[in-house]
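To start, the structure itself, in structure tokens.
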Amino acid sequence: MPVPDDPAHAFSAQDSLVALMIAVSASDEDIRTAELVKIQAAVQMLPIFSRYDEDRLGTISQTVFDLFEQEDGLDALFGLIRESLPERLFETAYALACDVAAADGTLDEAELRLLEEIRYELNLDRLHAAAIERGARARHLS
């Protein structure tokens, strides 16, 4: 596994949020500038990231890319996220994932499938998820 057991390399809750955003961006194998800008803005502006070390972005990105190359990499990623993301941040995680998916103005099949998988893995209520999706869509209309 690309993330060692060393506590200095373990996922934090913020790492999990970043990993989900990176995963959504990379899901269609086309990481767009608008998506990267959205991730960077979230990390720089949102209170949940106020003490986050932005130097971790590269490490977390590489971990996601490495996992995506493995057969069961998505399951491994969700395992890391389940271990480190408190339930109180599940809706936040989904909202950030939706914002990244909507950032470039299009949602392709791979992004939609990953969002569906995130909803399932985080056990989000369908009505809450729909509201989060609607908000992301409204924020990214052009």
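Simple scheme: letters A, B, ... for chains in structure tokens order, numbers from 1 for residues in each chain, numbers from 1 for ligands in the order shown.
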
Which residues are close to segment 93-106 of chain A, i.e. within 9 Å by only C-alpha atoms, leaving aside same-chain residues fewer than 6 positions away? Reply as a PyMOL selection string. chain A and resi 16-18+20-25+32-39+42+85+112+115+118-119+122+124+129+132-133+135-137+139-142

List every residue of chain A that DSSP, applied to the backbone of this structure, places in helix (DSSP H, G or I), and write the result as a ChimeraX atom specification. /A:7-9,13-26,33-45,47-49,56-68,73-84,87-102,109-121,126-139

Would you pick out the contacts of Leu80 of chain A at 10 Å or less, using only C-alpha atoms, so that residues sharing its chain but fewer than 3 positions from it are not included, and give the list as a PyMOL selection string? chain A and resi 3+10-13+15-16+19+74-77+83-85

Go through A:Ile81, A:Asp108, A:Gln14, A:Glu121 and flag the residue nearest Arg51 of chain A, using only C-alpha atoms for the distances.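 Looking only at the distances to Arg51 of chain A, the closest residue turns out to be A:Gln14.
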
Need to verify the contact set: Phe65 of chain A, 10 Å, only C-alpha atoms, exclusion of same-chain residues closer than 3 positions in sequence. Can you return it as a list of chain:residue names?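 Near Phe65 of chain A, the qualifying residues are A:Pro2, A:Ala19, A:Ile22, A:Ala23, A:Ala26, A:Ser27, A:Thr59, A:Ile60, A:Ser61, A:Gln62, A:Phe68, A:Glu69, A:Gln70, A:Gly73.
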
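Shortest separation to Glu29 of chain A among A:Gly58, A:Asp66, A:Ala110, A:Phe90 occurs at residue A:Ala110, atoms counted being only C-alpha atoms.
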
Between atom CA of Asp53 of chain A and atom CA of Gln40 of chain A, measure the distance and give it in Å to one decimal. 12.1 Å

In Å, with one decimal, what is the gap from atom CA of Glu116 of chain A to atom CA of Leu57 of chain A? 24.2 Å

Please compute the atom CA of Val43 of chain A-atom CA of Thr92 of chain A distance, one decimal, in Å.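 Going from atom CA of Val43 of chain A over to atom CA of Thr92 of chain A, I get 12.7 Å.
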
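Counting only C-alpha atoms, the residue from A:Tyr52, A:Ala131, A:Glu71, A:Phe78 that sits nearest to Glu117 of chain A is A:Phe78.
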